[in-house]
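Trainee: Okay, so here is protein_23.cif, and as you'll see once you scroll down, it has mmCIF, C-alpha atoms.
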```
data_coords
loop_
_atom_site.label_atom_id
_atom_site.label_comp_id
_atom_site.auth_asym_id
_atom_site.auth_seq_id
_atom_site.Cartn_x
_atom_site.Cartn_y
_atom_site.Cartn_z
CA THR A 31 0.00 0.00 0.00
CA TYR A 32 1.11 3.54 -0.54
CA THR A 33 0.32 6.89 1.06
CA LEU A 34 0.74 10.28 -0.61
CA VAL A 35 2.93 12.22 1.80
CA SER A 36 2.95 15.58 0.01
CA GLU A 37 2.59 17.30 -3.35
CA THR A 38 4.46 20.19 -4.94
CA GLY A 39 2.89 23.61 -4.55
CA GLY A 40 1.16 23.25 -1.20
CA LYS A 41 1.93 25.59 1.66
CA MET A 42 4.45 24.20 4.16
CA SER A 43 4.51 24.58 7.93
CA ASP A 44 6.85 27.58 7.69
CA GLY A 45 4.58 29.44 5.26
CA PHE A 46 6.76 28.86 2.20
CA PHE A 47 5.45 26.84 -0.72
CA ARG A 48 6.62 23.30 -1.36
CA PRO A 49 9.24 23.54 -4.16
CA GLY A 50 8.94 21.60 -7.39
CA ARG A 51 10.79 18.59 -8.77
CA PRO A 52 11.51 16.53 -5.61
CA ASP A 53 14.50 14.29 -6.29
CA GLY A 54 17.18 12.73 -4.06
CA MET A 55 16.19 12.05 -0.46
CA ALA A 56 17.35 10.38 2.74
CA CYS A 57 15.60 9.26 5.92
CA PHE A 58 16.89 9.87 9.46
CA ALA A 59 15.79 8.74 12.89
CA HIS A 60 13.76 11.29 14.81
CA PRO A 61 15.66 12.40 17.95
CA ALA A 62 12.61 12.27 20.22
CA SER A 63 10.37 9.47 18.94
CA SER A 64 10.79 6.10 17.25
CA ASP A 65 7.27 6.58 15.84
CA LYS A 66 8.55 9.41 13.65
CA CYS A 67 11.29 9.95 11.12
CA ILE A 68 12.85 12.82 9.19
CA LEU A 69 13.14 13.10 5.42
CA MET A 70 15.66 15.46 3.87
CA ARG A 71 14.44 16.06 0.31
CA ASN A 72 16.14 17.68 -2.67
CA HIS A 73 14.41 19.85 -5.28
CA GLU A 74 15.99 19.67 -8.72
CA ASN A 75 14.94 23.11 -9.98
CA TRP A 76 17.25 24.09 -12.82
CA PHE A 77 18.11 27.59 -13.99
CA ASP A 78 15.51 27.49 -16.78
CA VAL A 79 12.64 25.81 -14.86
CA PRO A 80 10.03 28.57 -14.46
CA THR A 81 7.78 26.85 -11.90
CA GLY A 82 8.14 25.38 -8.43
CA SER A 83 9.33 28.43 -6.50
CA PRO A 84 9.05 28.23 -2.69
CA PHE A 85 8.45 31.99 -2.54
CA GLY A 86 4.97 32.18 -4.05
CA LYS A 87 3.57 34.25 -6.88
CA GLY A 88 6.02 36.93 -7.93
CA ASN A 89 8.41 35.63 -5.23
CA GLU A 90 6.40 37.63 -2.71
CA LEU A 91 7.87 35.72 0.26
CA LEU A 92 11.49 36.34 -0.70
CA ASP A 93 11.82 39.17 1.83
CA ARG A 94 11.66 36.52 4.57
CA VAL A 95 15.02 35.13 3.42
CA SER A 96 18.29 36.78 4.44
CA ASP A 97 21.23 37.29 2.08
CA SER A 98 23.21 34.58 3.88
CA GLN A 99 20.34 32.08 3.53
CA LEU A 100 19.76 32.65 -0.21
CA TYR A 101 22.80 31.21 -1.96
CA ASP A 102 22.37 33.01 -5.26
CA ARG A 103 20.27 35.06 -7.63
CA LYS A 104 20.08 34.94 -11.39
CA THR A 105 21.60 37.73 -13.44
CA ASP A 106 18.17 39.44 -13.57
CA GLY A 107 18.04 39.50 -9.76
CA SER A 108 15.42 36.74 -9.37
CA PRO A 109 16.25 33.90 -6.96
CA PHE A 110 17.32 30.38 -7.74
CA PHE A 111 14.87 28.01 -6.10
CA GLY A 112 16.65 24.69 -5.99
CA GLY A 113 17.30 23.48 -2.47
CA VAL A 114 16.23 21.15 0.35
CA THR A 115 13.08 20.69 2.40
CA LYS A 116 12.74 18.77 5.66
CA VAL A 117 9.74 16.52 6.32
CA VAL A 118 8.75 15.10 9.71
CA TYR A 119 6.71 11.97 9.10
CA ASP A 120 4.51 10.12 11.59
CA LEU A 121 5.18 6.43 10.92
CA LYS A 122 2.55 5.26 13.37
CA ASN A 123 -0.31 7.16 11.73
CA ASN A 124 1.08 7.26 8.17
CA ARG A 125 0.94 11.01 7.71
CA MET A 126 3.20 14.03 7.36
CA GLU A 127 3.46 16.04 10.55
CA SER A 128 5.31 19.05 9.13
CA ASP A 129 7.65 20.22 6.40
CA HIS A 130 9.76 23.32 5.89
CA LEU A 131 12.51 24.89 3.82
CA VAL A 132 16.11 24.23 4.92
CA LEU A 133 18.29 25.33 1.98
CA THR A 134 17.45 27.64 -0.91
CA GLY A 135 18.98 29.65 -3.74
CA THR A 136 20.89 26.71 -5.23
CA ALA A 137 20.59 25.14 -8.69
CA ALA A 138 19.50 21.64 -9.73
CA ASN A 139 19.84 19.85 -6.40
CA CYS A 140 19.61 16.39 -7.89
CA ALA A 141 20.85 13.73 -5.50
CA GLY A 142 23.23 13.59 -2.54
CA GLY A 143 23.62 11.32 0.44
CA PRO A 144 23.25 11.03 4.22
CA THR A 145 26.19 11.28 6.61
CA PRO A 146 26.70 9.10 9.71
CA TRP A 147 26.60 12.27 11.83
CA GLY A 148 23.02 13.11 10.80
CA SER A 149 23.27 15.55 7.93
CA TRP A 150 22.24 15.44 4.27
CA LEU A 151 24.77 16.29 1.57
CA THR A 152 22.83 17.95 -1.24
CA CYS A 153 24.56 18.21 -4.60
CA GLU A 154 24.18 20.76 -7.39
CA GLU A 155 24.19 19.18 -10.83
CA GLU A 156 24.19 22.47 -12.77
CA MET A 157 27.59 24.14 -13.25
CA LEU A 158 26.54 27.73 -13.82
CA LYS A 159 29.31 30.31 -14.13
CA ALA A 160 29.41 33.83 -12.73
CA PRO A 161 28.92 36.49 -13.94
CA SER A 162 27.49 35.37 -17.30
CA GLU A 163 24.93 32.82 -16.03
CA ALA A 164 24.58 33.58 -12.34
CA GLN A 165 25.96 35.90 -9.68
CA LYS A 166 27.96 33.06 -8.08
CA ASP A 167 29.47 29.85 -9.41
CA HIS A 168 27.42 26.67 -9.04
CA GLY A 169 28.20 22.95 -9.08
CA PHE A 170 28.95 22.39 -5.39
CA VAL A 171 27.95 20.27 -2.38
CA PHE A 172 26.08 21.83 0.57
CA GLU A 173 25.65 20.19 3.98
CA THR A 174 22.20 20.41 5.59
CA PRO A 175 21.68 19.09 9.14
CA SER A 176 18.60 16.95 9.69
CA ALA A 177 18.18 18.79 13.01
CA ALA A 178 17.63 22.13 11.23
CA ASP A 179 14.35 23.79 12.26
CA GLY A 180 14.44 26.48 9.57
CA LEU A 181 16.54 27.97 6.81
CA ILE A 182 20.31 27.62 7.24
CA ASP A 183 23.07 29.75 5.77
CA ALA A 184 23.96 28.43 2.32
CA VAL A 185 27.70 27.61 2.38
CA PRO A 186 29.21 25.58 -0.48
CA LEU A 187 31.84 22.96 0.37
CA LYS A 188 34.15 24.01 -2.46
CA ALA A 189 36.99 21.64 -1.56
CA MET A 190 34.68 18.77 -2.59
CA GLY A 191 34.94 19.93 -6.18
CA ARG A 192 32.97 21.82 -8.79
CA PHE A 193 31.40 19.45 -11.30
CA ALA A 194 28.00 18.04 -12.31
CA HIS A 195 27.44 16.56 -8.86
CA GLU A 196 24.94 13.75 -8.52
CA ALA A 197 25.13 11.50 -5.44
CA ALA A 198 27.30 11.08 -2.36
CA ALA A 199 27.93 8.21 0.06
CA VAL A 200 29.99 8.26 3.25
CA ASP A 201 32.07 5.36 4.54
CA PRO A 202 31.43 5.57 8.32
CA GLU A 203 34.72 3.82 9.13
CA THR A 204 36.90 6.47 7.47
CA GLY A 205 34.61 9.45 6.95
CA ILE A 206 35.58 9.43 3.25
CA VAL A 207 32.86 10.76 0.93
CA TYR A 208 32.39 9.08 -2.46
CA MET A 209 30.69 11.06 -5.23
CA THR A 210 29.26 10.45 -8.69
CA GLU A 211 29.10 12.83 -11.65
CA ASP A 212 26.26 13.06 -14.17
CA SER A 213 28.15 13.41 -17.42
CA ARG A 214 28.82 11.06 -20.31
CA LYS A 215 32.50 11.53 -19.49
CA ALA A 216 32.36 11.40 -15.72
CA LEU A 217 34.80 10.48 -12.98
CA PHE A 218 34.12 8.58 -9.77
CA TYR A 219 35.42 10.74 -6.91
CA ARG A 220 36.34 10.45 -3.28
CA PHE A 221 36.93 13.23 -0.76
CA SER A 222 39.15 12.49 2.23
CA PRO A 223 38.43 15.13 4.88
CA LYS A 224 41.18 16.59 7.03
CA VAL A 225 38.91 16.07 10.03
CA LYS A 226 36.52 13.10 10.02
CA GLY A 227 32.96 14.38 10.27
CA ASP A 228 33.86 18.03 9.60
CA LEU A 229 33.81 18.49 5.83
CA ALA A 230 34.00 22.28 6.07
CA LYS A 231 37.62 21.99 7.22
CA GLY A 232 38.63 20.78 3.74
CA GLY A 233 40.45 17.74 2.48
CA GLN A 234 41.81 15.99 -0.61
CA LEU A 235 39.71 15.26 -3.71
CA GLN A 236 40.72 12.23 -5.78
CA ALA A 237 39.45 10.24 -8.78
CA LEU A 238 39.36 6.47 -9.30
CA ALA A 239 41.76 4.87 -11.77
CA ILE A 240 41.81 1.20 -12.79
CA LYS A 241 45.17 -0.50 -12.24
CA GLY A 242 46.66 -1.65 -15.54
CA TRP A 243 44.10 0.28 -17.61
CA GLU A 244 45.14 3.91 -17.71
CA SER A 245 42.39 6.41 -18.63
CA ALA A 246 39.86 3.60 -18.89
CA VAL A 247 36.48 4.07 -20.57
CA THR A 248 33.95 1.81 -18.83
CA ASN A 249 30.79 2.34 -20.86
CA ASN A 250 31.13 -0.73 -23.19
CA TRP A 251 29.96 1.42 -26.12
CA PRO A 252 31.32 0.67 -29.60
CA GLU A 253 34.55 2.50 -30.35
CA ASP A 254 32.90 4.84 -32.85
CA TRP A 255 30.49 5.92 -30.09
CA GLY A 256 33.37 6.85 -27.82
CA GLY A 257 33.82 3.55 -25.99
CA GLY A 258 36.20 0.64 -25.79
CA GLY A 259 33.89 -1.85 -27.48
CA PRO A 260 30.88 -3.99 -26.49
CA GLY A 261 31.53 -6.65 -23.89
CA ARG A 262 34.94 -5.42 -22.80
CA ILE A 263 33.63 -5.40 -19.22
CA LYS A 264 31.42 -8.32 -18.22
CA ASN A 265 28.98 -8.75 -15.35
CA GLY A 266 30.93 -9.74 -12.26
CA GLN A 267 34.27 -8.55 -13.59
CA GLU A 268 36.49 -7.10 -10.88
CA PHE A 269 39.27 -4.53 -11.08
CA ALA A 270 41.90 -3.34 -8.63
CA VAL A 271 41.92 0.43 -8.38
CA GLU A 272 44.06 3.33 -7.25
CA TRP A 273 43.27 6.96 -6.56
CA ILE A 274 44.66 10.03 -8.36
CA ASP A 275 44.99 13.37 -6.57
CA LEU A 276 43.13 16.22 -8.27
CA ASP A 277 44.11 19.87 -8.16
CA ASP A 278 42.33 23.12 -9.00
CA VAL A 279 39.16 21.39 -7.79
CA GLU A 280 36.95 24.48 -8.04
CA SER A 281 37.45 24.01 -11.78
CA PRO A 282 36.62 27.48 -13.16
CA ASN A 283 36.79 26.05 -16.68
CA ALA A 284 34.52 23.09 -15.80
CA ASP A 285 37.28 20.71 -16.92
CA LEU A 286 37.94 18.69 -13.76
CA ALA A 287 36.88 15.34 -15.32
CA GLU A 288 38.85 15.98 -18.50
CA ARG A 289 42.02 16.78 -16.56
CA GLY A 290 41.53 13.76 -14.29
CA HIS A 291 41.04 11.42 -17.24
CA LYS A 292 44.22 12.68 -18.91
CA ALA A 293 46.03 11.92 -15.65
CA GLY A 294 44.78 8.30 -15.78
CA ALA A 295 41.36 8.31 -14.10
CA ALA A 296 38.55 6.14 -15.50
CA TYR A 297 35.55 7.55 -17.34
CA PHE A 298 32.05 6.40 -16.36
CA CYS A 299 28.90 7.16 -18.35
CA ARG A 300 26.58 9.33 -16.29
CA GLY A 301 27.27 8.31 -12.73
CA GLU A 302 24.11 8.88 -10.70
CA GLY A 303 22.57 7.03 -7.74
CA MET A 304 24.75 5.76 -4.91
CA ASP A 305 24.43 4.21 -1.47
CA TYR A 306 26.68 2.75 1.23
CA GLY A 307 25.69 -0.38 3.07
CA ILE A 308 26.54 -3.77 4.52
CA ARG A 309 24.51 -6.58 3.03
CA PRO A 310 22.99 -9.23 5.32
CA GLY A 311 25.50 -11.98 6.06
CA SER A 312 28.46 -9.71 5.36
CA ASN A 313 30.62 -7.55 7.61
CA VAL A 314 32.09 -5.50 4.77
CA GLY A 315 30.80 -2.04 3.91
CA GLU A 316 30.40 -1.39 0.18
CA ILE A 317 29.50 1.49 -2.12
CA PHE A 318 26.93 0.79 -4.85
CA PHE A 319 26.36 3.21 -7.75
CA THR A 320 24.69 3.43 -11.14
CA CYS A 321 25.81 4.65 -14.54
CA THR A 322 22.59 5.67 -16.24
CA GLN A 323 23.67 5.32 -19.89
CA GLY A 324 26.50 2.86 -19.47
CA GLY A 325 26.43 -0.47 -21.28
CA THR A 326 26.22 -1.68 -24.84
CA SER A 327 22.48 -0.88 -24.98
CA GLN A 328 23.08 2.49 -23.25
CA THR A 329 20.36 1.64 -20.70
CA GLY A 330 22.42 1.36 -17.54
CA GLN A 331 25.07 -0.30 -15.40
CA VAL A 332 25.23 -1.02 -11.67
CA TRP A 333 28.67 -0.98 -10.02
CA ARG A 334 30.12 -1.83 -6.60
CA TYR A 335 33.20 -0.33 -5.00
CA THR A 336 34.71 -2.17 -2.03
CA PRO A 337 37.08 0.00 0.02
CA GLY A 338 40.31 -1.47 1.31
CA GLU A 339 44.06 -1.15 1.20
CA ILE A 340 43.61 -1.94 -2.48
CA GLY A 341 40.07 -1.00 -3.44
CA LYS A 342 38.05 -3.22 -5.77
CA LEU A 343 35.63 -2.15 -8.48
CA THR A 344 33.05 -4.66 -9.78
CA MET A 345 30.41 -4.30 -12.47
CA LEU A 346 27.43 -6.06 -10.91
CA PHE A 347 24.94 -5.71 -13.73
CA GLU A 348 24.63 -4.28 -17.23
CA SER A 349 21.15 -3.84 -18.63
CA PRO A 350 20.61 -5.78 -21.86
CA GLY A 351 17.84 -3.39 -22.92
CA ALA A 352 15.13 -1.00 -21.81
CA ASP A 353 12.57 -3.76 -21.18
CA THR A 354 14.81 -5.13 -18.42
CA LEU A 355 16.14 -1.89 -16.93
CA ASP A 356 15.77 1.53 -18.55
CA LEU A 357 18.18 4.26 -17.43
CA CYS A 358 18.70 3.42 -13.76
CA ASP A 359 19.14 6.59 -11.72
CA ASN A 360 18.80 6.89 -7.94
CA LEU A 361 19.70 3.79 -5.95
CA SER A 362 18.99 2.49 -2.45
CA LEU A 363 20.20 -0.61 -0.63
CA ALA A 364 17.14 -2.35 0.79
CA PRO A 365 17.18 -3.80 4.34
CA TRP A 366 17.13 -7.35 2.91
CA GLY A 367 20.18 -6.73 0.71
CA ASP A 368 18.68 -6.08 -2.73
CA ILE A 369 19.43 -2.87 -4.61
CA ILE A 370 16.35 -0.76 -5.39
CA LEU A 371 16.75 1.17 -8.65
CA CYS A 372 14.72 4.23 -9.68
CA GLU A 373 14.24 4.50 -13.42
CA ASP A 374 14.48 7.74 -15.37
CA GLY A 375 13.66 6.08 -18.68
CA ARG A 376 12.01 6.90 -21.96
CA GLY A 377 8.65 5.19 -21.43
CA SER A 378 6.88 3.76 -18.41
CA GLN A 379 8.88 4.27 -15.22
CA TYR A 380 9.54 1.48 -12.74
CA LEU A 381 11.09 0.86 -9.39
CA ARG A 382 13.12 -2.31 -9.95
CA GLY A 383 15.03 -4.58 -7.60
CA LEU A 384 18.42 -6.16 -8.26
CA THR A 385 19.25 -9.25 -6.20
CA PRO A 386 22.79 -10.12 -5.06
CA ASP A 387 22.87 -12.88 -7.67
CA GLY A 388 22.08 -10.46 -10.51
CA LYS A 389 18.35 -10.94 -11.06
CA ILE A 390 16.10 -7.95 -11.88
CA TYR A 391 12.47 -7.77 -10.75
CA ASP A 392 9.72 -5.14 -10.94
CA LEU A 393 8.67 -3.55 -7.66
CA ALA A 394 6.38 -0.70 -8.75
CA LYS A 395 5.21 1.13 -11.88
CA ASN A 396 4.37 4.80 -12.10
CA ALA A 397 0.81 4.78 -13.41
CA HIS A 398 0.48 8.59 -13.52
CA LYS A 399 -0.16 9.92 -17.03
CA ASP A 400 3.01 12.06 -16.98
CA GLU A 401 5.20 8.94 -16.56
CA ALA A 402 7.83 10.96 -14.71
CA GLU A 403 10.87 9.44 -13.10
CA PHE A 404 11.01 7.77 -9.72
CA CYS A 405 13.71 9.23 -7.47
CA GLY A 406 14.91 9.47 -3.89
CA ALA A 407 14.09 5.94 -2.70
CA CYS A 408 15.09 5.52 0.97
CA TRP A 409 14.02 3.58 4.05
CA SER A 410 12.68 4.38 7.49
CA PRO A 411 15.08 3.50 10.32
CA ASP A 412 13.07 0.36 11.16
CA GLY A 413 13.16 -0.79 7.50
CA LYS A 414 9.37 -1.05 7.27
CA THR A 415 8.58 1.98 5.10
CA MET A 416 10.08 2.96 1.78
CA PHE A 417 9.83 6.59 0.74
CA VAL A 418 10.12 7.65 -2.89
CA ASN A 419 9.46 10.70 -5.05
CA VAL A 420 7.83 11.04 -8.46
CA GLN A 421 9.45 14.16 -9.85
CA ASN A 422 6.52 15.53 -11.83
CA PRO A 423 3.91 16.62 -10.86
CA GLY A 424 5.93 16.37 -7.64
CA PHE A 425 4.70 13.63 -5.31
CA THR A 426 6.36 12.09 -2.25
CA TYR A 427 5.06 8.64 -1.29
CA ALA A 428 5.40 6.28 1.67
CA ILE A 429 5.12 2.60 0.67
CA ASN A 430 4.43 -0.25 3.09
CA GLY A 431 4.14 -3.92 2.37
CA PRO A 432 5.28 -7.46 3.14
CA TRP A 433 8.94 -6.74 2.44
CA GLU A 434 9.84 -10.01 4.15
CA ASN A 435 8.49 -11.81 1.05
CA LEU A 436 11.33 -10.26 -0.93
CA ARG A 437 13.95 -11.47 1.54
CA THR A 438 13.53 -15.12 0.56
#
```
What's the structure tokens form of this structure?

Mentor:
Amino acid sequence: TYTLVSETGGKMSDGFFRPGRPDGMACFAHPASSDKCILMRNHENWFDVPTGSPFGKGNELLDRVSDSQLYDRKTDGSPFFGGVTKVVYDLKNNRMESDHLVLTGTAANCAGGPTPWGSWLTCEEEMLKAPSEAQKDHGFVFETPSAADGLIDAVPLKAMGRFAHEAAAVDPETGIVYMTEDSRKALFYRFSPKVKGDLAKGGQLQALAIKGWESAVTNNWPEDWGGGGPGRIKNGQEFAVEWIDLDDVESPNADLAERGHKAGAAYFCRGEGMDYGIRPGSNVGEIFFTCTQGGTSQTGQVWRYTPGEIGKLTMLFESPGADTLDLCDNLSLAPWGDIILCEDGRGSQYLRGLTPDGKIYDLAKNAHKDEAEFCGACWSPDGKTMFVNVQNPGFTYAINGPWENLRT
């Protein structure tokens, strides 16, 4: 069964309007009650999206936002309205208790990831450049605490790089943040903070390289499409990796991936969803991520990175065609160990599951006439409720069911 949690455009508890295009999302335990949880929810409002403002008609509520809270304005002085909202959800009664704006004035907040210390890393996918396209540069990560009870100051974590950010995942053992990039020529990044748990103090940004395959191209496309050839990488194939230090990470020329690839880093085709987790029966933490247009059919790949003294990269699954898996985007590790994949495909949109032994199954279909993408799948702390967004018209759902049937 599913419950509609909220819909774009309604008035929130703080008086602002619910922004459009809900996307990446994470769920956190409520500090005061196990019957409640907190959702931190992105809004992927791009520069040229004219609807979905949190400030109402004619941005009439903008005077309630201070200069430090609004990250940026467009060159015409109007605000950007990408950002993050916080939802408090009553699990016992299956209803939203409250929601409010936490971060605003950013651009195309697509995905991100939760941290072990209770914050949500929200990532800008749009790399706008000042002063021609915006008043400030964009393409950064912002940290938003799940404990926030109102708008926070918008402070970009520039040491984490300027690129088409998509998702983030934190290894709780080391505090290292892994990040994907939504580009056809994308790198897979990691950020090692100087101080574990305090990303604002800076650190070192690196890119993954495959040992023995310098400047690899992992998409399996034919060579005349810009790839190494169909079938070069097979399901289950494992690679040893190393990490290359990156410099000039604020990348004023938006060339960070190009420079990293020339230095030996591997290209991935549209890195998007990502999650960290330990599968049942294992004691090893792993990073799972998707490449939306990777693979010979250009309909998606699912990868695993296993940290260690020598890290290991494994291609878990390559879609043979859109009928099986069509442009996998956001990703979530389910409590029973399957990977839940949100499609952003070219027809009907599905939530699909991927088992540890490589089998795909259908979990849900978006029956709305707009056939918009699923995004932001995540789980309540007790593993009983899955939350997910449908980007347009802008729905957030809570889904309950006999998940134990999928554990067998």

Trainee: At a cut-off of 8 Å, can you tabulate as a Markdown table every residue of stretch 107-203 of chain A near stretch 282-294 of chain A together with its closest atom pair and the distance in Å to one decimal, using all atoms listed in the file and ordering rows by chain then number?

Mentor:
```
| residue | atom | partner | partner_atom | distance |
| --- | --- | --- | --- | --- |
| A:Met157 | CA | A:Ala284 | CA | 7.5 |
| A:Lys159 | CA | A:Pro282 | CA | 7.9 |
| A:Arg192 | CA | A:Ala284 | CA | 7.3 |
| A:Phe193 | CA | A:Ala284 | CA | 6.6 |
```

Trainee: Of the candidates A:Phe347, A:Tyr297, A:Phe111, A:Trp147, which shows the shortest atom-to-atom distance to A:Glu173, using only C-alpha atoms?

Mentor: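 The closest residue to A:Glu173 is A:Trp147.
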
Trainee: I'd like to know which of A:Gly232, A:Gly377, A:Pro411, A:Pro144 is closest to A:Asp201, using all atoms listed in the file.

Mentor: A:Pro144

Trainee: As a check of understanding, name the residues that the PyMOL selection byres ((chain A and resi 361-364) around 7) selects in the supplied structure, as a ChimeraX atom specification.

Mentor: /A:303-305,307,319,359-360,365-372,407-408

Trainee: Since I can't run it myself right now, could you work out what the PyMOL selection byres ((chain A and resi 122) around 12) selects here and report it as a PyMOL selection string?

Mentor: chain A and resi 63-67+119-121+123-127+410+412+414-415+430

Trainee: Restricting the calculation to only C-alpha atoms: of A:Gly88, A:Gly315, A:Gly142, A:Gly424, which residue gets closest to A:Gly54?

Mentor: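 Among A:Gly88, A:Gly315, A:Gly142, A:Gly424, it is A:Gly142 that comes nearest to A:Gly54.
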
Trainee: Please compute the atom CA of A:Pro252-atom CA of A:Glu268 distance, one decimal, in Å.

Mentor: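 Taking atom CA of A:Pro252 and atom CA of A:Glu268, their separation equals 20.9 Å.
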
Trainee: Restricting the calculation to only C-alpha atoms, which member of A:Arg71, A:Arg48, A:Arg334, A:Lys104 is positioned closest to A:Cys405?

Mentor: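 Checking each of A:Arg71, A:Arg48, A:Arg334, A:Lys104 against A:Cys405, counting only C-alpha atoms, the winner is A:Arg71.
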
Trainee: Between A:Glu280, A:Ser83, A:Ala397, A:Ala246, which residue has the minimum interatomic distance to A:His168, considering all atoms listed in the file?

Mentor: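 The answer is A:Glu280, which sits nearest to A:His168.
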
Trainee: Choose the residue, out of A:Pro80, A:Pro175, A:Pro386, A:Gly112, that has the smallest atom-to-atom separation from A:Ile68; count all atoms listed in the file.

Mentor: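 Once distances to A:Ile68 are computed over all atoms listed in the file, the minimum belongs to A:Pro175.
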
Trainee: Pull out every residue that the PyMOL selection byres ((chain A and resi 209-225) around 8) matches in the shown coordinates and put them as a PyMOL selection string.

Mentor: chain A and resi 155+190+193-199+205-208+226-229+231-238+287-288+290-291+295-304+319+323

Trainee: Can you tell me which residues surround A:Thr134 at a distance of at most 7 Å, considering only C-alpha atoms, apart from same-chain residues fewer than 5 positions away, and format the answer as a list in words?

Mentor: Gln99, Leu100, Tyr101, Phe111, Gly112, Gly113 and Val114 of chain A

Trainee: Output as JSON the centre and edge lengths (Å, one decimal) of the box along x, y and z of the file that holds every listed atom of stretch 46-65 of chain A after adding 4 Å on each side.

Mentor:
```
{"center_x": 11.4, "center_y": 17.5, "center_z": 5.7, "size_x": 19.9, "size_y": 30.8, "size_z": 37.0}
```
